[in-house]
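What follows is one structure encoded as structure tokens, with my remarks underneath.
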Amino acid sequence: MNTSQADDVTLRSDEYVLVVPDDWEVIDEAKTIFTVRAPKDDENDTFSENIRVLRHPAGRAYSVSEVLRRQKSDTGRFKLIGEGTVEDTKVPMVWMAITPKSPRDDGDKLVKIDFITTKGTDILVLTAMADPGVWDAYMPKFKKIAATFAPVSEKK
């Protein structure tokens with residue numbers, strides 16, 4: 001994992017703010033609020049860890065604990081490998097990490113970490129993807145980035 005102390009860059013959409021290290025690439029993707037990708041560590045690194053921020057209209061308001069409970073009960077072919085609360089956030093936020101129980105191929109071995117918050121009747125998910133061998137090393141950086149996510153009106 002790249003351990004250089006990069007400056008942070010503030011990304012803004014019409015409704016949300018996210019702060020990322022300046023060496024992360026911002027990617028313009030349809031249907032996402034933000035998509036960012038970490039630089040590769042070296043020439044042997046085959047995957048760039050990344051975060052996508054998505055909005056899911058839920059039809060009614062849910063607490064983050066309700067969303068986490070529902071997500072954990074519906075993991076399907078995935079196994080839960082970690083969960084918790086993100087500390088020092090701008091909005092209430094929980095996380096859960098899953099990985100396939102039986103990967104179909106090498107590309108199916110990634111760890112998916114969902115950072116979950118809510119706003120009104122929307123569920124907002126910051127989905128981080130990482131190689132299994134480094135996901136826990138990336139968690140402090142993922143959590144730091146997730147903790148900066150906030151609606152523009154709630155940005156401190």
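Letters for chains follow the order of the structure tokens (A, B, ...), residue numbers begin at 1 for each chain, and ligand numbers begin at 1 in the order shown.
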With 12 Å as the cut-off and only C-alpha atoms counted, what is the closest atom pair between each nearby residue of region 58-146 of chain A and region 30-42 of chain A? Distances in Å to one decimal, ordered by chain and number, as CSV.
residue,atom,partner,partner_atom,distance
A:Leu124,CA,A:Ile33,CA,9.5
A:Val125,CA,A:Ile33,CA,10.0
A:Leu126,CA,A:Phe34,CA,8.9
A:Thr127,CA,A:Thr35,CA,9.4
A:Ala128,CA,A:Arg37,CA,9.5
A:Met129,CA,A:Arg37,CA,9.6
A:Ala130,CA,A:Ala38,CA,10.1
A:Asp131,CA,A:Lys40,CA,11.7
A:Val134,CA,A:Asp41,CA,11.1
A:Tyr138,CA,A:Ala38,CA,10.1
A:Lys141,CA,A:Ala38,CA,10.3
A:Phe142,CA,A:Ala38,CA,10.4
A:Ile145,CA,A:Val36,CA,10.4
A:Ala146,CA,A:Phe34,CA,11.7
Selection file, all heavy atoms, as a short mmCIF file (atom, residue, chain, number, x, y, z; two decimals), in the first residue's frame:
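Printed below is again_9.cif as written:
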data_model
loop_
_atom_site.label_atom_id
_atom_site.label_comp_id
_atom_site.auth_asym_id
_atom_site.auth_seq_id
_atom_site.Cartn_x
_atom_site.Cartn_y
_atom_site.Cartn_z
N LEU A 124 -27.10 5.62 1.36
CA LEU A 124 -25.88 5.98 0.65
C LEU A 124 -24.80 4.98 1.03
O LEU A 124 -24.55 4.74 2.21
CB LEU A 124 -25.46 7.40 1.00
CG LEU A 124 -26.53 8.40 0.55
CD1 LEU A 124 -26.80 9.42 1.59
CD2 LEU A 124 -26.15 9.00 -0.77
N VAL A 125 -24.19 4.39 0.01
CA VAL A 125 -23.20 3.35 0.23
C VAL A 125 -21.90 3.73 -0.46
O VAL A 125 -21.87 3.99 -1.66
CB VAL A 125 -23.69 1.98 -0.29
CG1 VAL A 125 -22.65 0.90 -0.01
CG2 VAL A 125 -25.03 1.60 0.34
N LEU A 126 -20.84 3.76 0.33
CA LEU A 126 -19.49 3.94 -0.21
C LEU A 126 -18.91 2.53 -0.27
O LEU A 126 -18.63 1.92 0.76
CB LEU A 126 -18.64 4.81 0.70
CG LEU A 126 -19.02 6.29 0.79
CD1 LEU A 126 -20.25 6.52 1.65
CD2 LEU A 126 -17.85 7.09 1.31
N THR A 127 -18.79 1.99 -1.47
CA THR A 127 -18.32 0.62 -1.64
C THR A 127 -16.84 0.65 -1.99
O THR A 127 -16.45 1.18 -3.03
CB THR A 127 -19.12 -0.11 -2.74
OG1 THR A 127 -20.48 -0.18 -2.33
CG2 THR A 127 -18.58 -1.51 -2.96
N ALA A 128 -16.03 0.08 -1.11
CA ALA A 128 -14.60 -0.03 -1.34
C ALA A 128 -14.29 -1.46 -1.79
O ALA A 128 -14.87 -2.41 -1.28
CB ALA A 128 -13.83 0.30 -0.06
N MET A 129 -13.38 -1.59 -2.73
CA MET A 129 -12.96 -2.91 -3.22
C MET A 129 -11.45 -3.02 -3.03
O MET A 129 -10.71 -2.08 -3.32
CB MET A 129 -13.30 -3.08 -4.69
CG MET A 129 -14.79 -2.98 -5.01
SD MET A 129 -15.78 -4.30 -4.33
CE MET A 129 -15.32 -5.65 -5.39
N ALA A 130 -11.02 -4.20 -2.54
CA ALA A 130 -9.59 -4.39 -2.30
C ALA A 130 -9.22 -5.86 -2.50
O ALA A 130 -10.07 -6.75 -2.35
CB ALA A 130 -9.23 -3.96 -0.88
N ASP A 131 -7.96 -6.09 -2.81
CA ASP A 131 -7.44 -7.45 -2.87
C ASP A 131 -7.50 -8.05 -1.47
O ASP A 131 -7.30 -7.35 -0.47
CB ASP A 131 -5.98 -7.46 -3.35
CG ASP A 131 -5.86 -7.58 -4.86
OD1 ASP A 131 -6.74 -8.21 -5.48
OD2 ASP A 131 -4.88 -7.05 -5.40
N VAL A 134 -4.63 -7.35 1.10
CA VAL A 134 -4.32 -6.00 1.58
C VAL A 134 -5.53 -5.24 2.12
O VAL A 134 -5.39 -4.11 2.57
CB VAL A 134 -3.65 -5.14 0.48
CG1 VAL A 134 -2.34 -5.77 0.01
CG2 VAL A 134 -4.58 -4.90 -0.69
N TYR A 138 -5.68 -1.51 4.04
CA TYR A 138 -6.34 -0.34 3.45
C TYR A 138 -7.46 0.21 4.33
O TYR A 138 -7.91 1.34 4.15
CB TYR A 138 -6.90 -0.66 2.06
CG TYR A 138 -5.95 -0.29 0.96
CD1 TYR A 138 -5.01 -1.20 0.49
CD2 TYR A 138 -5.97 0.98 0.38
CE1 TYR A 138 -4.13 -0.86 -0.51
CE2 TYR A 138 -5.09 1.33 -0.62
CZ TYR A 138 -4.17 0.41 -1.07
OH TYR A 138 -3.28 0.75 -2.06
N LYS A 141 -7.26 3.80 5.72
CA LYS A 141 -7.42 4.82 4.68
C LYS A 141 -8.87 4.87 4.21
O LYS A 141 -9.44 5.95 4.05
CB LYS A 141 -6.49 4.55 3.50
CG LYS A 141 -6.51 5.67 2.47
CD LYS A 141 -5.41 5.54 1.47
CE LYS A 141 -4.12 5.87 2.13
NZ LYS A 141 -3.17 6.63 1.40
N PHE A 142 -9.48 3.69 3.98
CA PHE A 142 -10.89 3.66 3.58
C PHE A 142 -11.76 4.35 4.63
O PHE A 142 -12.64 5.14 4.31
CB PHE A 142 -11.38 2.22 3.38
CG PHE A 142 -10.88 1.52 2.15
CD1 PHE A 142 -10.78 0.15 2.13
CD2 PHE A 142 -10.52 2.21 1.00
CE1 PHE A 142 -10.35 -0.53 1.00
CE2 PHE A 142 -10.08 1.56 -0.15
CZ PHE A 142 -10.00 0.18 -0.15
N ILE A 145 -11.33 8.15 4.57
CA ILE A 145 -12.05 8.75 3.44
C ILE A 145 -13.56 8.72 3.72
O ILE A 145 -14.24 9.73 3.56
CB ILE A 145 -11.72 8.00 2.13
CG1 ILE A 145 -10.26 8.26 1.73
CG2 ILE A 145 -12.67 8.43 1.01
CD1 ILE A 145 -9.75 7.38 0.61
N ALA A 146 -14.08 7.57 4.15
CA ALA A 146 -15.52 7.44 4.42
C ALA A 146 -15.96 8.46 5.47
O ALA A 146 -17.06 9.01 5.37
CB ALA A 146 -15.85 6.03 4.86
#
* Compile the contact shell of Val64 (chain A) as a PyMOL selection string: residues with an atom at most 7 Å away, counting only C-alpha atoms, same-chain residues fewer than 4 positions apart removed. => chain A and resi 68+92-94+116-118
* Would you give me, as a list of chain:residue names, the residues in chain A that DSSP reads as helix (DSSP H, G or I)? -> A:Val64, A:Ser65, A:Glu66, A:Val67, A:Leu68, A:Arg69, A:Arg70, A:Gln71, A:Lys72, A:Asp106, A:Gly107, A:Asp108, A:Trp135, A:Asp136, A:Ala137, A:Tyr138, A:Met139, A:Pro140, A:Lys141, A:Phe142, A:Lys143, A:Lys144, A:Ile145, A:Ala146, A:Ala147, A:Val152, A:Ser153, A:Glu154
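Checking A:Ile81, A:Met139, A:Ala61, A:Val53 one by one against Gly120 (chain A), counting only C-alpha atoms, you find the shortest gap at A:Ala61.
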* Would you give me, as an MDAnalysis selection string, the residues in chain A that DSSP reads as strand (DSSP E)? -> chainID A and resid 8:12 16:21 25:26 34:37 50:57 78:85 94:100 111:119 122:130 150:151
* CA of Asn44 (chain A) to CA of Leu110 (chain A), straight-line distance in Å ->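 So the answer is 16.8 Å.
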* Asked: Between A:Asp45, A:Arg77, A:Gly59, A:Asp122, which one has atoms that come closest to Ser102 (chain A), using only C-alpha atoms?
  ->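 Counting only C-alpha atoms, the residue closest to Ser102 (chain A) is A:Arg77.
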* Distance CA of Ala150 (chain A)-CA of Ser13 (chain A), one decimal place? ->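 Result for CA of Ala150 (chain A) versus CA of Ser13 (chain A): 10.6 Å, one decimal.
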* Asked: Could you work out how far CA of Gly133 (chain A) lies from CA of Ser65 (chain A), giving the answer in Å with one decimal?
  -> 28.1 Å
* To do: Check the smallest atom-to-atom distance from each of A:Phe78, A:Tyr16, A:Trp24, A:Tyr62 to Thr148 (chain A) using only C-alpha atoms, then report the winner.
  =>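 The shortest atom-to-atom distance to Thr148 (chain A) comes from A:Tyr16.
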* Of the candidates A:Pro132, A:Gly82, A:Pro21, A:Gly76, which shows the shortest atom-to-atom distance to Asp7 (chain A), using only C-alpha atoms? ->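 Comparing A:Pro132, A:Gly82, A:Pro21, A:Gly76 against Asp7 (chain A), the winner is A:Pro21.
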* Structure fact -> Nearest to Ala58 (chain A), restricted to only C-alpha atoms and choosing among A:Ser153, A:Ile123, A:Gln71, A:Leu80, comes out as A:Ile123
Using only C-alpha atoms, find each residue in region 86-129 of chain A having at least one atom no more than 12 Å away from region 72-75 of chain A; report its shortest atom-to-atom pair and that distance in Å (one decimal), rows by chain then rising number, as JSON lines.
{"residue": "A:Val94", "atom": "CA", "partner": "A:Lys72", "partner_atom": "CA", "distance": 11.8}
{"residue": "A:Trp95", "atom": "CA", "partner": "A:Lys72", "partner_atom": "CA", "distance": 10.5}
{"residue": "A:Met96", "atom": "CA", "partner": "A:Lys72", "partner_atom": "CA", "distance": 8.0}
{"residue": "A:Ala97", "atom": "CA", "partner": "A:Lys72", "partner_atom": "CA", "distance": 9.7}
{"residue": "A:Ile98", "atom": "CA", "partner": "A:Thr75", "partner_atom": "CA", "distance": 7.9}
{"residue": "A:Thr99", "atom": "CA", "partner": "A:Thr75", "partner_atom": "CA", "distance": 9.5}
{"residue": "A:Pro100", "atom": "CA", "partner": "A:Thr75", "partner_atom": "CA", "distance": 9.4}
{"residue": "A:Lys101", "atom": "CA", "partner": "A:Thr75", "partner_atom": "CA", "distance": 10.0}
{"residue": "A:Lys112", "atom": "CA", "partner": "A:Thr75", "partner_atom": "CA", "distance": 11.4}
{"residue": "A:Asp114", "atom": "CA", "partner": "A:Lys72", "partner_atom": "CA", "distance": 10.9}
* Asked: With only C-alpha atoms as the basis for distance, which of A:Asp8, A:Glu15, A:Glu25, A:Glu49 is at the shortest distance from Val152 (chain A)?
  ->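 Closest residue, counting only C-alpha atoms: A:Glu15.
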